[in-house]
file my_file.pdb (PDB, C-alpha atoms)
ATOM      1  CA  MET A  28       0.000   0.000   0.000
ATOM      2  CA  ILE A  29       2.897   2.355   0.699
ATOM      3  CA  VAL A  30       4.204   1.741  -2.841
ATOM      4  CA  LEU A  31       0.740   2.598  -4.223
ATOM      5  CA  ALA A  32       0.671   5.805  -2.184
ATOM      6  CA  ASN A  33       4.107   6.702  -3.507
ATOM      7  CA  ILE A  34       3.019   6.095  -7.107
ATOM      8  CA  ILE A  35      -0.126   8.212  -6.733
ATOM      9  CA  SER A  36       1.630  11.108  -5.007
ATOM     10  CA  LEU A  37       4.520  11.071  -7.490
ATOM     11  CA  THR A  38       2.102  10.933 -10.426
ATOM     12  CA  VAL A  39       0.364  14.045  -9.108
ATOM     13  CA  ILE A  40       3.556  15.990  -8.517
ATOM     14  CA  PHE A  41       4.964  15.153 -11.968
ATOM     15  CA  ALA A  42       1.609  15.884 -13.621
ATOM     16  CA  VAL A  43       1.565  19.411 -12.162
ATOM     17  CA  PRO A  44       4.379  20.891 -14.323
ATOM     18  CA  LEU A  45       3.008  19.144 -17.425
ATOM     19  CA  LEU A  46      -0.448  20.557 -16.699
ATOM     20  CA  LEU A  47       0.759  24.116 -16.083
ATOM     21  CA  VAL A  48       3.063  24.280 -19.103
ATOM     22  CA  ALA A  49       0.539  22.630 -21.437
ATOM     23  CA  LEU A  50      -2.113  25.141 -20.306
ATOM     24  CA  GLY A  51       0.372  27.885 -21.117
ATOM     25  CA  GLY A  52       0.934  26.494 -24.590
ATOM     26  CA  MET A  53      -2.841  26.243 -25.016
ATOM     27  CA  PHE A  54      -3.341  29.976 -24.390
ATOM     28  CA  SER A  55      -0.554  30.922 -26.783
ATOM     29  CA  GLU A  56      -1.775  28.700 -29.585
ATOM     30  CA  HIS A  57      -5.415  29.725 -29.133
ATOM     31  CA  SER A  58      -4.225  33.268 -29.779
ATOM     32  CA  GLY A  59      -2.515  32.103 -32.981
ATOM     33  CA  VAL A  60       1.144  31.865 -31.879
ATOM     34  CA  ILE A  61       2.912  28.495 -31.813
ATOM     35  CA  ASN A  62       4.963  28.331 -28.641
ATOM     36  CA  ILE A  63       7.884  25.951 -29.101
ATOM     37  CA  ALA A  64       9.786  27.958 -26.463
ATOM     38  CA  LEU A  65       7.970  26.411 -23.477
ATOM     39  CA  GLU A  66      11.130  24.546 -22.481
ATOM     40  CA  GLY A  67      13.102  27.788 -22.374
ATOM     41  CA  MET A  68      10.388  29.561 -20.387
ATOM     42  CA  MET A  69      10.439  26.740 -17.831
ATOM     43  CA  ILE A  70      14.212  27.046 -17.469
ATOM     44  CA  ILE A  71      14.184  30.830 -17.025
ATOM     45  CA  GLY A  72      11.314  30.690 -14.517
ATOM     46  CA  ALA A  73      12.963  27.935 -12.489
ATOM     47  CA  LEU A  74      16.356  29.686 -12.600
ATOM     48  CA  PHE A  75      15.237  32.941 -11.014
ATOM     49  CA  ALA A  76      12.747  31.272  -8.657
ATOM     50  CA  CYS A  77      15.485  28.998  -7.270
ATOM     51  CA  PHE A  78      17.817  31.948  -6.749
ATOM     52  CA  THR A  79      14.943  33.684  -4.948
ATOM     53  CA  LEU A  80      14.414  30.690  -2.672
ATOM     54  CA  GLN A  81      18.148  30.558  -2.000
ATOM     55  CA  ALA A  82      18.175  34.261  -1.074
ATOM     56  CA  PHE A  83      15.184  33.805   1.243
ATOM     57  CA  ASP A  84      16.949  30.880   2.889
ATOM     58  CA  GLN A  85      20.149  32.814   3.506
ATOM     59  CA  SER A  86      18.293  35.865   4.852
ATOM     60  CA  GLY A  87      16.214  33.787   7.277
ATOM     61  CA  PHE A  88      12.905  34.911   5.761
ATOM     62  CA  GLY A  89      12.299  31.498   4.190
ATOM     63  CA  PRO A  90      12.639  29.365   7.339
ATOM     64  CA  ALA A  91      10.489  31.885   9.255
ATOM     65  CA  HIS A  92       7.735  32.131   6.596
ATOM     66  CA  PRO A  93       8.232  29.086   4.327
ATOM     67  CA  GLN A  94       5.042  29.036   2.279
ATOM     68  CA  LEU A  95       4.946  32.810   1.851
ATOM     69  CA  ALA A  96       8.518  32.589   0.538
ATOM     70  CA  VAL A  97       7.507  29.788  -1.850
ATOM     71  CA  PHE A  98       4.517  31.823  -3.055
ATOM     72  CA  LEU A  99       6.763  34.822  -3.754
ATOM     73  CA  ALA A 100       9.193  32.548  -5.620
ATOM     74  CA  ILE A 101       6.271  31.256  -7.709
ATOM     75  CA  LEU A 102       5.390  34.848  -8.608
ATOM     76  CA  VAL A 103       9.031  35.476  -9.562
ATOM     77  CA  ALA A 104       8.992  32.360 -11.767
ATOM     78  CA  GLY A 105       5.814  33.503 -13.505
ATOM     79  CA  ALA A 106       7.054  37.080 -13.977
ATOM     80  CA  CYS A 107      10.407  35.948 -15.414
ATOM     81  CA  GLY A 108       8.629  33.522 -17.730
ATOM     82  CA  MET A 109       6.462  36.399 -18.970
ATOM     83  CA  ILE A 110       9.468  38.646 -19.579
ATOM     84  CA  PHE A 111      11.224  35.872 -21.502
ATOM     85  CA  SER A 112       8.064  35.220 -23.543
ATOM     86  CA  LEU A 113       8.156  38.821 -24.767
ATOM     87  CA  PHE A 114      11.053  37.860 -27.054
ATOM     88  CA  LEU A 115       8.847  35.273 -28.772
ATOM     89  CA  ALA A 116       5.880  37.640 -28.895
ATOM     90  CA  PHE A 117       7.897  40.484 -30.440
ATOM     91  CA  ALA A 118       9.520  38.220 -33.031
ATOM     92  CA  ALA A 119       6.288  36.430 -33.965
ATOM     93  CA  ILE A 120       3.828  39.350 -33.844
ATOM     94  CA  ASN A 121       5.791  42.487 -34.668
ATOM     95  CA  LEU A 122       8.544  41.067 -36.853
ATOM     96  CA  LYS A 123       6.341  38.291 -38.286
ATOM     97  CA  ALA A 124       9.252  35.873 -37.960
ATOM     98  CA  ASP A 125       8.892  32.113 -38.249
ATOM     99  CA  GLN A 126       7.471  31.092 -34.880
ATOM    100  CA  THR A 127       9.020  27.637 -34.815
ATOM    101  CA  ILE A 128      12.514  28.962 -35.500
ATOM    102  CA  GLY A 129      12.059  31.740 -32.941
ATOM    103  CA  GLY A 130      10.946  29.283 -30.282
ATOM    104  CA  THR A 131      13.823  26.929 -31.051
ATOM    105  CA  ALA A 132      16.327  29.786 -30.726
ATOM    106  CA  LEU A 133      14.924  30.701 -27.308
ATOM    107  CA  ASN A 134      15.145  27.067 -26.200
ATOM    108  CA  GLN A 135      18.825  27.033 -27.127
ATOM    109  CA  PHE A 136      19.493  30.337 -25.414
ATOM    110  CA  ALA A 137      17.793  29.561 -22.058
ATOM    111  CA  PRO A 138      19.985  26.696 -20.747
ATOM    112  CA  ALA A 139      23.188  28.442 -21.876
ATOM    113  CA  PHE A 140      22.110  31.629 -20.116
ATOM    114  CA  ALA A 141      21.185  29.627 -16.996
ATOM    115  CA  VAL A 142      24.626  28.004 -16.844
ATOM    116  CA  VAL A 143      26.481  31.299 -17.361
ATOM    117  CA  LEU A 144      24.431  33.143 -14.728
ATOM    118  CA  THR A 145      24.682  30.290 -12.228
ATOM    119  CA  TRP A 146      28.451  30.110 -12.607
ATOM    120  CA  ALA A 147      28.712  33.895 -12.306
ATOM    121  CA  ILE A 148      26.798  33.863  -9.004
ATOM    122  CA  GLN A 149      27.929  30.576  -7.430
ATOM    123  CA  GLY A 150      31.346  30.077  -8.968
ATOM    124  CA  GLN A 151      32.903  28.272 -11.914
ATOM    125  CA  GLY A 152      31.561  24.739 -12.312
ATOM    126  CA  LEU A 153      28.894  25.090  -9.592
ATOM    127  CA  THR A 154      25.859  24.484 -11.779
ATOM    128  CA  THR A 155      23.361  23.170  -9.223
ATOM    129  CA  ILE A 156      21.165  25.654  -7.329
ATOM    130  CA  ARG A 157      20.091  23.919  -4.138
ATOM    131  CA  ILE A 158      16.455  24.114  -3.058
ATOM    132  CA  PRO A 159      15.850  24.582   0.692
ATOM    133  CA  THR A 160      14.115  21.740   2.517
ATOM    134  CA  TRP A 161      11.449  24.037   3.984
ATOM    135  CA  VAL A 162       9.667  24.442   0.619
ATOM    136  CA  ARG A 163       7.746  21.173   1.158
ATOM    137  CA  ILE A 164       4.391  21.305   2.955
ATOM    138  CA  THR A 165       4.412  18.933   5.935
ATOM    139  CA  ARG A 166       1.965  17.981   8.666
ATOM    140  CA  GLU A 167       3.660  20.511  10.929
ATOM    141  CA  THR A 168       3.111  23.231   8.291
ATOM    142  CA  LEU A 169      -0.646  22.691   8.606
ATOM    143  CA  GLY A 170      -0.552  22.451  12.379
ATOM    144  CA  LEU A 171      -1.095  18.675  12.518
ATOM    145  CA  ALA A 172       0.605  16.343  14.956
ATOM    146  CA  PRO A 173       3.607  14.419  13.603
ATOM    147  CA  ALA A 174       2.720  10.984  12.247
ATOM    148  CA  GLU A 175       3.931   7.886  14.059
ATOM    149  CA  GLY A 176       5.630   5.705  11.476
ATOM    150  CA  GLN A 177       4.918   5.591   7.757
ATOM    151  CA  SER A 178       1.234   5.382   6.854
ATOM    152  CA  PHE A 179      -0.673   5.294   3.576
ATOM    153  CA  PHE A 180      -2.399   8.633   4.286
ATOM    154  CA  ASP A 181       0.792  10.405   5.352
ATOM    155  CA  THR A 182       2.719   9.120   2.331
ATOM    156  CA  LEU A 183      -0.095   9.988  -0.068
ATOM    157  CA  PHE A 184      -0.625  13.571   1.063
ATOM    158  CA  PHE A 185       2.577  14.795   2.676
ATOM    159  CA  LYS A 186       5.600  13.004   1.219
ATOM    160  CA  TYR A 187       5.599  15.046  -2.017
ATOM    161  CA  PHE A 188       3.342  18.004  -1.250
ATOM    162  CA  TYR A 189       4.290  21.470  -2.473
ATOM    163  CA  LEU A 190       2.381  24.711  -2.891
ATOM    164  CA  THR A 191       2.507  24.281  -6.666
ATOM    165  CA  THR A 192      -0.010  21.400  -6.459
ATOM    166  CA  PRO A 193      -3.044  23.300  -5.078
ATOM    167  CA  LEU A 194      -2.015  26.298  -7.186
ATOM    168  CA  ALA A 195      -2.137  24.127 -10.328
ATOM    169  CA  ILE A 196      -5.717  23.100  -9.505
ATOM    170  CA  ILE A 197      -6.706  26.749  -9.063
ATOM    171  CA  LEU A 198      -5.027  27.733 -12.333
ATOM    172  CA  LEU A 199      -6.721  24.851 -14.172
ATOM    173  CA  ILE A 200     -10.158  26.037 -13.025
ATOM    174  CA  ALA A 201      -9.245  29.643 -13.813
ATOM    175  CA  SER A 202      -8.019  28.646 -17.299
ATOM    176  CA  TYR A 203     -11.300  26.915 -18.108
ATOM    177  CA  ILE A 204     -13.349  29.881 -16.894
ATOM    178  CA  VAL A 205     -11.193  32.452 -18.698
ATOM    179  CA  LEU A 206     -11.133  30.526 -21.970
ATOM    180  CA  TYR A 207     -14.804  29.539 -22.198
ATOM    181  CA  LYS A 208     -16.783  31.821 -19.869
ATOM    182  CA  THR A 209     -15.346  35.281 -20.488
ATOM    183  CA  ARG A 210     -15.315  37.799 -23.315
ATOM    184  CA  PHE A 211     -11.515  37.752 -23.232
ATOM    185  CA  GLY A 212     -11.454  33.989 -23.851
ATOM    186  CA  LEU A 213     -13.879  34.276 -26.763
ATOM    187  CA  ARG A 214     -11.786  37.004 -28.364
ATOM    188  CA  LEU A 215      -8.573  35.053 -27.791
ATOM    189  CA  ARG A 216      -9.981  31.958 -29.509
ATOM    190  CA  ALA A 217     -11.332  34.078 -32.355
ATOM    191  CA  CYS A 218      -7.835  35.440 -33.003
ATOM    192  CA  GLY A 219      -6.519  31.889 -33.296
ATOM    193  CA  GLU A 220      -9.287  30.727 -35.592
ATOM    194  CA  HIS A 221      -9.921  33.687 -37.906
ATOM    195  CA  PRO A 222      -7.981  36.835 -37.001
ATOM    196  CA  GLN A 223      -9.299  38.815 -39.989
ATOM    197  CA  ALA A 224     -12.887  38.265 -38.829
ATOM    198  CA  ALA A 225     -11.922  39.197 -35.272
ATOM    199  CA  ASP A 226     -10.258  42.379 -36.499
ATOM    200  CA  SER A 227     -13.336  43.295 -38.533
ATOM    201  CA  VAL A 228     -15.441  43.521 -35.353
ATOM    202  CA  GLY A 229     -12.915  45.694 -33.537
ATOM    203  CA  ILE A 230     -10.732  43.135 -31.736
ATOM    204  CA  ASN A 231      -7.073  44.119 -31.548
ATOM    205  CA  VAL A 232      -5.456  40.906 -32.809
ATOM    206  CA  TYR A 233      -1.919  41.992 -31.945
ATOM    207  CA  ARG A 234      -2.887  42.779 -28.356
ATOM    208  CA  MET A 235      -4.726  39.484 -27.933
ATOM    209  CA  ARG A 236      -1.771  37.528 -29.289
ATOM    210  CA  TYR A 237       0.556  39.331 -26.918
ATOM    211  CA  ALA A 238      -1.801  38.439 -24.068
ATOM    212  CA  GLY A 239      -1.843  34.765 -25.083
ATOM    213  CA  VAL A 240       1.945  34.545 -25.254
ATOM    214  CA  LEU A 241       2.397  36.381 -21.933
ATOM    215  CA  ILE A 242      -0.037  34.046 -20.174
ATOM    216  CA  SER A 243       1.893  31.186 -21.706
ATOM    217  CA  GLY A 244       5.143  32.571 -20.301
ATOM    218  CA  PHE A 245       3.603  33.036 -16.852
ATOM    219  CA  LEU A 246       2.345  29.459 -16.657
ATOM    220  CA  GLY A 247       5.523  28.101 -18.252
ATOM    221  CA  GLY A 248       7.709  29.840 -15.673
ATOM    222  CA  ILE A 249       5.665  28.437 -12.785
ATOM    223  CA  GLY A 250       5.791  25.025 -14.453
ATOM    224  CA  GLY A 251       9.586  25.226 -14.461
ATOM    225  CA  LEU A 252       9.655  25.710 -10.687
ATOM    226  CA  ALA A 253       7.066  22.946 -10.242
ATOM    227  CA  TYR A 254       9.266  20.546 -12.215
ATOM    228  CA  THR A 255      12.356  21.505 -10.213
ATOM    229  CA  VAL A 256      10.768  20.783  -6.828
ATOM    230  CA  ALA A 257       9.331  17.544  -8.201
ATOM    231  CA  ALA A 258      12.585  16.312  -9.724
ATOM    232  CA  GLY A 259      14.889  16.680  -6.743
ATOM    233  CA  SER A 260      16.821  18.964  -4.482
ATOM    234  CA  GLY A 261      18.241  21.396  -7.007
ATOM    235  CA  PHE A 262      18.094  23.113 -10.384
ATOM    236  CA  ASN A 263      20.684  22.075 -12.979
ATOM    237  CA  SER A 264      19.908  24.463 -15.868
ATOM    238  CA  ASP A 265      17.504  22.046 -17.554
ATOM    239  CA  VAL A 266      13.998  20.655 -17.094
ATOM    240  CA  GLY A 267      14.461  17.209 -18.598
ATOM    241  CA  GLY A 268      12.637  17.900 -21.854
ATOM    242  CA  TYR A 269       9.382  18.584 -20.008
ATOM    243  CA  GLY A 270       8.618  21.584 -22.200
ATOM    244  CA  PHE A 271       8.450  19.356 -25.275
ATOM    245  CA  LEU A 272       6.529  16.698 -23.359
ATOM    246  CA  ALA A 273       4.047  19.409 -22.355
ATOM    247  CA  LEU A 274       3.563  20.225 -26.044
ATOM    248  CA  ALA A 275       2.607  16.582 -26.606
ATOM    249  CA  VAL A 276       0.224  16.764 -23.633
ATOM    250  CA  MET A 277      -1.382  19.877 -25.140
ATOM    251  CA  ILE A 278      -1.850  18.217 -28.539
ATOM    252  CA  PHE A 279      -3.129  14.979 -26.984
ATOM    253  CA  GLY A 280      -5.505  17.102 -24.884
ATOM    254  CA  ASN A 281      -6.765  18.778 -28.065
ATOM    255  CA  TRP A 282      -6.015  22.297 -26.774
ATOM    256  CA  LYS A 283      -8.725  21.995 -24.070
ATOM    257  CA  PRO A 284      -8.120  22.353 -20.286
ATOM    258  CA  LEU A 285      -9.860  19.227 -18.964
ATOM    259  CA  PRO A 286      -8.485  16.796 -21.601
ATOM    260  CA  ILE A 287      -5.060  18.352 -20.965
ATOM    261  CA  LEU A 288      -5.442  17.435 -17.284
ATOM    262  CA  GLY A 289      -6.142  13.811 -18.221
ATOM    263  CA  SER A 290      -3.208  13.767 -20.630
ATOM    264  CA  ALA A 291      -0.848  15.215 -18.013
ATOM    265  CA  VAL A 292      -1.805  12.514 -15.494
ATOM    266  CA  PHE A 293      -1.439   9.825 -18.185
ATOM    267  CA  PHE A 294       2.090  10.857 -19.149
ATOM    268  CA  ALA A 295       3.130  11.495 -15.533
ATOM    269  CA  LEU A 296       2.072   7.949 -14.627
ATOM    270  CA  PHE A 297       4.494   6.525 -17.180
ATOM    271  CA  LYS A 298       7.202   8.826 -15.823
ATOM    272  CA  VAL A 299       6.636   7.387 -12.342
ATOM    273  CA  ILE A 300       6.525   3.804 -13.622
ATOM    274  CA  ALA A 301       9.897   4.439 -15.250
ATOM    275  CA  ALA A 302      11.284   5.739 -11.962
ATOM    276  CA  TYR A 303       9.865   2.832  -9.932
ATOM    277  CA  ASN A 304      10.625   0.062 -12.427
ATOM    278  CA  SER A 305      12.896  -1.841 -10.011
ATOM    279  CA  THR A 306      10.220  -2.109  -7.296
ATOM    280  CA  LEU A 307       7.165  -2.900  -9.443
ATOM    281  CA  THR A 308       7.052  -6.666  -9.695
ATOM    282  CA  PHE A 309       4.381  -6.754 -12.417
ATOM    283  CA  LEU A 310       6.719  -5.125 -14.972
ATOM    284  CA  PRO A 311       8.660  -7.440 -17.323
ATOM    285  CA  ASP A 312      12.310  -7.781 -16.335
ATOM    286  CA  PHE A 313      13.681  -8.457 -19.867
ATOM    287  CA  LYS A 314      16.194 -11.076 -18.785
ATOM    288  CA  GLY A 315      19.477 -10.833 -20.613
ATOM    289  CA  VAL A 316      19.151  -7.090 -21.233
ATOM    290  CA  GLN A 317      21.754  -4.967 -19.481
ATOM    291  CA  ASP A 318      20.795  -1.670 -17.820
ATOM    292  CA  ILE A 319      17.063  -2.329 -18.087
ATOM    293  CA  SER A 320      16.449   0.864 -16.091
ATOM    294  CA  ASN A 321      17.598   2.911 -19.093
ATOM    295  CA  LEU A 322      14.925   1.248 -21.203
ATOM    296  CA  TYR A 323      12.249   2.179 -18.694
ATOM    297  CA  GLN A 324      13.569   5.739 -18.495
ATOM    298  CA  MET A 325      12.760   6.009 -22.215
ATOM    299  CA  LEU A 326       9.194   4.824 -21.602
ATOM    300  CA  PRO A 327       7.441   8.230 -21.193
ATOM    301  CA  TYR A 328       8.957   9.541 -24.429
ATOM    302  CA  ILE A 329       8.247   6.334 -26.365
ATOM    303  CA  VAL A 330       4.628   6.456 -25.189
ATOM    304  CA  THR A 331       4.478  10.118 -26.224
ATOM    305  CA  MET A 332       5.549   9.327 -29.787
ATOM    306  CA  ILE A 333       3.166   6.371 -30.079
ATOM    307  CA  VAL A 334       0.208   8.375 -28.774
ATOM    308  CA  LEU A 335       0.923  11.294 -31.100
ATOM    309  CA  VAL A 336       1.153   8.955 -34.106
ATOM    310  CA  PHE A 337      -2.368   7.680 -33.446
ATOM    311  CA  THR A 338      -4.012  10.895 -32.224
ATOM    312  CA  SER A 339      -2.399  13.760 -34.163
ATOM    313  CA  LYS A 340      -4.664  13.275 -37.201
ATOM    314  CA  LYS A 341      -7.755  13.734 -35.021
ATOM    315  CA  SER A 342      -6.390  16.820 -33.261
ATOM    316  CA  LYS A 343      -8.053  20.104 -34.156
ATOM    317  CA  ALA A 344      -5.535  22.866 -33.703
ATOM    318  CA  PRO A 345      -6.564  26.530 -34.001
ATOM    319  CA  LYS A 346      -6.759  27.207 -37.730
ATOM    320  CA  ALA A 347      -4.624  30.350 -37.747
ATOM    321  CA  GLU A 348      -1.879  29.182 -35.388
ATOM    322  CA  GLY A 349       1.605  29.809 -36.729
ATOM    323  CA  ILE A 350       0.359  32.233 -39.391
ATOM    324  CA  PRO A 351       1.638  35.807 -38.878
ATOM    325  CA  TYR A 352      -1.245  38.272 -38.927
ATOM    326  CA  ASP A 353      -1.097  41.103 -41.435
ATOM    327  CA  LYS A 354      -3.712  43.740 -40.723
ATOM    328  CA  GLY A 355      -3.739  44.848 -44.348
ATOM    329  CA  SER A 356      -4.565  41.400 -45.761
ATOM    330  CA  ARG A 357      -8.065  39.939 -46.070
TER     331      ARG A 357
END

call {"tool": "encode", "arguments": {"input": "my_file.pdb", "output": "structure tokens"}}
result
Amino acid sequence: MIVLANIISLTVIFAVPLLLVALGGMFSEHSGVINIALEGMMIIGALFACFTLQAFDQSGFGPAHPQLAVFLAILVAGACGMIFSLFLAFAAINLKADQTIGGTALNQFAPAFAVVLTWAIQGQGLTTIRIPTWVRITRETLGLAPAEGQSFFDTLFFKYFYLTTPLAIILLIASYIVLYKTRFGLRLRACGEHPQAADSVGINVYRMRYAGVLISGFLGGIGGLAYTVAAGSGFNSDVGGYGFLALAVMIFGNWKPLPILGSAVFFALFKVIAAYNSTLTFLPDFKGVQDISNLYQMLPYIVTMIVLVFTSKKSKAPKAEGIPYDKGSR
């Protein structure tokens, strides 16, 4: 039962960054801008958020007010992701540059910038930014008595519990409401489907596309911090390809919030199975194969490719995504 609790809690914590980043990509692409730069936005958000947590830890503010410090670091991650997304927005909207190439360039720039800045602050060769232990929510954080021994409930709810998890649920609900229940959401989707028609009724297509990309950067930055706390004790200038995996989650979820949630949980489950392959007795052991763990580590990405092969033809992307908008054309 403890293994089951571990699998469930790990699935949730690894689904959170996929969910947040895929929701960010959804907003950008509904506005008409393809966001390949999600990986870079995750890296930049995580980079500055981890430095913020480190500063709070050294000043004593973090240990004294742990969850407030984490919340402020989340805001820093989102803000830095938004600032970084402005590069994509300016290139794609104002310069009408190829959005795929622009996003790829930003993905190449982000990890290099993270390494250079980390070395400049911590010293040559010191790439890892350590995350303080107080960022995790424990029973003591909520005022509960310490648990005696390891129980199913305690493992399920408190072993891998961070502020990013309830925040992801709130942002999922907010994304659905904003996209489908507000005038802003209707206008955003119109700009991704038929920008000329949207412009004809007075909608500023450029402004809406900027808004979509900025929201994408905000969620992508928070997703970078969520991945970092889920993956381990420090940030190493990369997010393990989660930005590209989030793109697959978005496509599999058909650019809709609730299907994206299901897709994120689905892919996160395979990530956890890969991590727990040595303790799950029902998995095949492939006798005679050396380093079987490496094969299981490939599992989430293999599943991603297989799923996309069978589902991509049925996906209905926004019709005008990736097409630069020219106000003078009709």

call {"tool": "resolve_selection", "arguments": {"input": "my_file.pdb", "expression": "the PyMOL selection byres ((chain A and resi 270-284) around 6)", "output": "CSV table (one decimal) with C-alpha atoms, in the coordinates of the input"}}
result
chain,number,residue,atom,x,y,z
A,45,LEU,CA,3.0,19.1,-17.4
A,48,VAL,CA,3.1,24.3,-19.1
A,49,ALA,CA,0.5,22.6,-21.4
A,53,MET,CA,-2.8,26.2,-25.0
A,65,LEU,CA,8.0,26.4,-23.5
A,66,GLU,CA,11.1,24.5,-22.5
A,203,TYR,CA,-11.3,26.9,-18.1
A,268,GLY,CA,12.6,17.9,-21.9
A,269,TYR,CA,9.4,18.6,-20.0
A,285,LEU,CA,-9.9,19.2,-19.0
A,286,PRO,CA,-8.5,16.8,-21.6
A,287,ILE,CA,-5.1,18.4,-21.0
A,290,SER,CA,-3.2,13.8,-20.6
A,291,ALA,CA,-0.8,15.2,-18.0
A,342,SER,CA,-6.4,16.8,-33.3

call {"tool": "closest_residue", "arguments": {"input": "my_file.pdb", "among": "A:His57, A:Phe184, A:Thr145, A:Leu122", "to": "Phe75 (chain A)", "atoms": "only C-alpha atoms"}}
result
A:Thr145

call {"tool": "atom_distance", "arguments": {"input": "my_file.pdb", "atom1": "CA of Ser264 (chain A)", "atom2": "CA of Gly247 (chain A)"}}
result
15.0 Å

call {"tool": "closest_residue", "arguments": {"input": "my_file.pdb", "among": "A:Ile329, A:Met69, A:Leu47, A:Val60", "to": "Leu215 (chain A)", "atoms": "all atoms listed in the file"}}
result
A:Val60

call {"tool": "resolve_selection", "arguments": {"input": "my_file.pdb", "expression": "the PyMOL selection byres ((chain A and resi 202) around 10)", "output": "ChimeraX atom specification"}}
result
/A:47,50-51,53-54,196-201,203-208,212,283-285

call {"tool": "atom_distance", "arguments": {"input": "my_file.pdb", "atom1": "CA of Pro193 (chain A)", "atom2": "CA of Met68 (chain A)"}}
result
21.3 Å

call {"tool": "closest_residue", "arguments": {"input": "my_file.pdb", "among": "A:Val39, A:Ala32, A:Leu74, A:Val240", "to": "Val143 (chain A)", "atoms": "all atoms listed in the file"}}
result
A:Leu74

call {"tool": "closest_atom_pairs", "arguments": {"input": "my_file.pdb", "of": "region 195-303 of chain A", "to": "region 156-161 of chain A", "cutoff": "9 Å", "atoms": "only C-alpha atoms", "output": "tab-separated table"}}
result
residue	atom	partner	partner_atom	distance
A:Thr255	CA	A:Ile158	CA	8.6
A:Val256	CA	A:Ile158	CA	7.6
A:Gly259	CA	A:Ile158	CA	8.4
A:Ser260	CA	A:Ile158	CA	5.4
A:Gly261	CA	A:Arg157	CA	4.2
A:Phe262	CA	A:Ile156	CA	5.0
A:Asn263	CA	A:Ile156	CA	6.7
A:Ser264	CA	A:Ile156	CA	8.7

call {"tool": "residues_around", "arguments": {"input": "my_file.pdb", "residues": "Phe188 (chain A)", "least_positions_apart": "6", "cutoff": "9 Å", "atoms": "only C-alpha atoms", "output": "JSON list (two decimals) with C-alpha atoms, in the frame of the given file"}}
result
[["chain", "number", "residue", "atom", "x", "y", "z"],
["A", 36, "SER", "CA", 1.63, 11.11, -5.01],
["A", 40, "ILE", "CA", 3.56, 15.99, -8.52],
["A", 163, "ARG", "CA", 7.75, 21.17, 1.16],
["A", 164, "ILE", "CA", 4.39, 21.30, 2.96],
["A", 165, "THR", "CA", 4.41, 18.93, 5.94]]

call {"tool": "closest_residue", "arguments": {"input": "my_file.pdb", "among": "A:Gly87, A:Gly251, A:Pro222, A:Gly244", "to": "Phe114 (chain A)", "atoms": "all atoms listed in the file"}}
result
A:Gly244

call {"tool": "resolve_selection", "arguments": {"input": "my_file.pdb", "expression": "the PyMOL selection byres ((chain A and resi 353) around 12)", "output": "VMD selection string"}}
result
chain A and resid 119 to 123 222 to 223 226 231 to 233 347 350 to 352 354 to 357

call {"tool": "closest_residue", "arguments": {"input": "my_file.pdb", "among": "A:Ile242, A:Cys218, A:Val334, A:Leu322", "to": "Met109 (chain A)", "atoms": "all atoms listed in the file"}}
result
A:Ile242

call {"tool": "atom_distance", "arguments": {"input": "my_file.pdb", "atom1": "CA of Ala224 (chain A)", "atom2": "CA of Ser55 (chain A)"}}
result
18.7 Å

call {"tool": "decode", "arguments": {"input": "my_file.pdb", "residues": "region 91-122 of chain A", "atoms": "C-alpha atoms", "output": "JSON list (two decimals), in the first residue's frame"}}
result
[["chain", "number", "residue", "atom", "x", "y", "z"],
["A", 91, "ALA", "CA", 10.49, 31.89, 9.25],
["A", 92, "HIS", "CA", 7.73, 32.13, 6.60],
["A", 93, "PRO", "CA", 8.23, 29.09, 4.33],
["A", 94, "GLN", "CA", 5.04, 29.04, 2.28],
["A", 95, "LEU", "CA", 4.95, 32.81, 1.85],
["A", 96, "ALA", "CA", 8.52, 32.59, 0.54],
["A", 97, "VAL", "CA", 7.51, 29.79, -1.85],
["A", 98, "PHE", "CA", 4.52, 31.82, -3.05],
["A", 99, "LEU", "CA", 6.76, 34.82, -3.75],
["A", 100, "ALA", "CA", 9.19, 32.55, -5.62],
["A", 101, "ILE", "CA", 6.27, 31.26, -7.71],
["A", 102, "LEU", "CA", 5.39, 34.85, -8.61],
["A", 103, "VAL", "CA", 9.03, 35.48, -9.56],
["A", 104, "ALA", "CA", 8.99, 32.36, -11.77],
["A", 105, "GLY", "CA", 5.81, 33.50, -13.51],
["A", 106, "ALA", "CA", 7.05, 37.08, -13.98],
["A", 107, "CYS", "CA", 10.41, 35.95, -15.41],
["A", 108, "GLY", "CA", 8.63, 33.52, -17.73],
["A", 109, "MET", "CA", 6.46, 36.40, -18.97],
["A", 110, "ILE", "CA", 9.47, 38.65, -19.58],
["A", 111, "PHE", "CA", 11.22, 35.87, -21.50],
["A", 112, "SER", "CA", 8.06, 35.22, -23.54],
["A", 113, "LEU", "CA", 8.16, 38.82, -24.77],
["A", 114, "PHE", "CA", 11.05, 37.86, -27.05],
["A", 115, "LEU", "CA", 8.85, 35.27, -28.77],
["A", 116, "ALA", "CA", 5.88, 37.64, -28.89],
["A", 117, "PHE", "CA", 7.90, 40.48, -30.44],
["A", 118, "ALA", "CA", 9.52, 38.22, -33.03],
["A", 119, "ALA", "CA", 6.29, 36.43, -33.97],
["A", 120, "ILE", "CA", 3.83, 39.35, -33.84],
["A", 121, "ASN", "CA", 5.79, 42.49, -34.67],
["A", 122, "LEU", "CA", 8.54, 41.07, -36.85]]
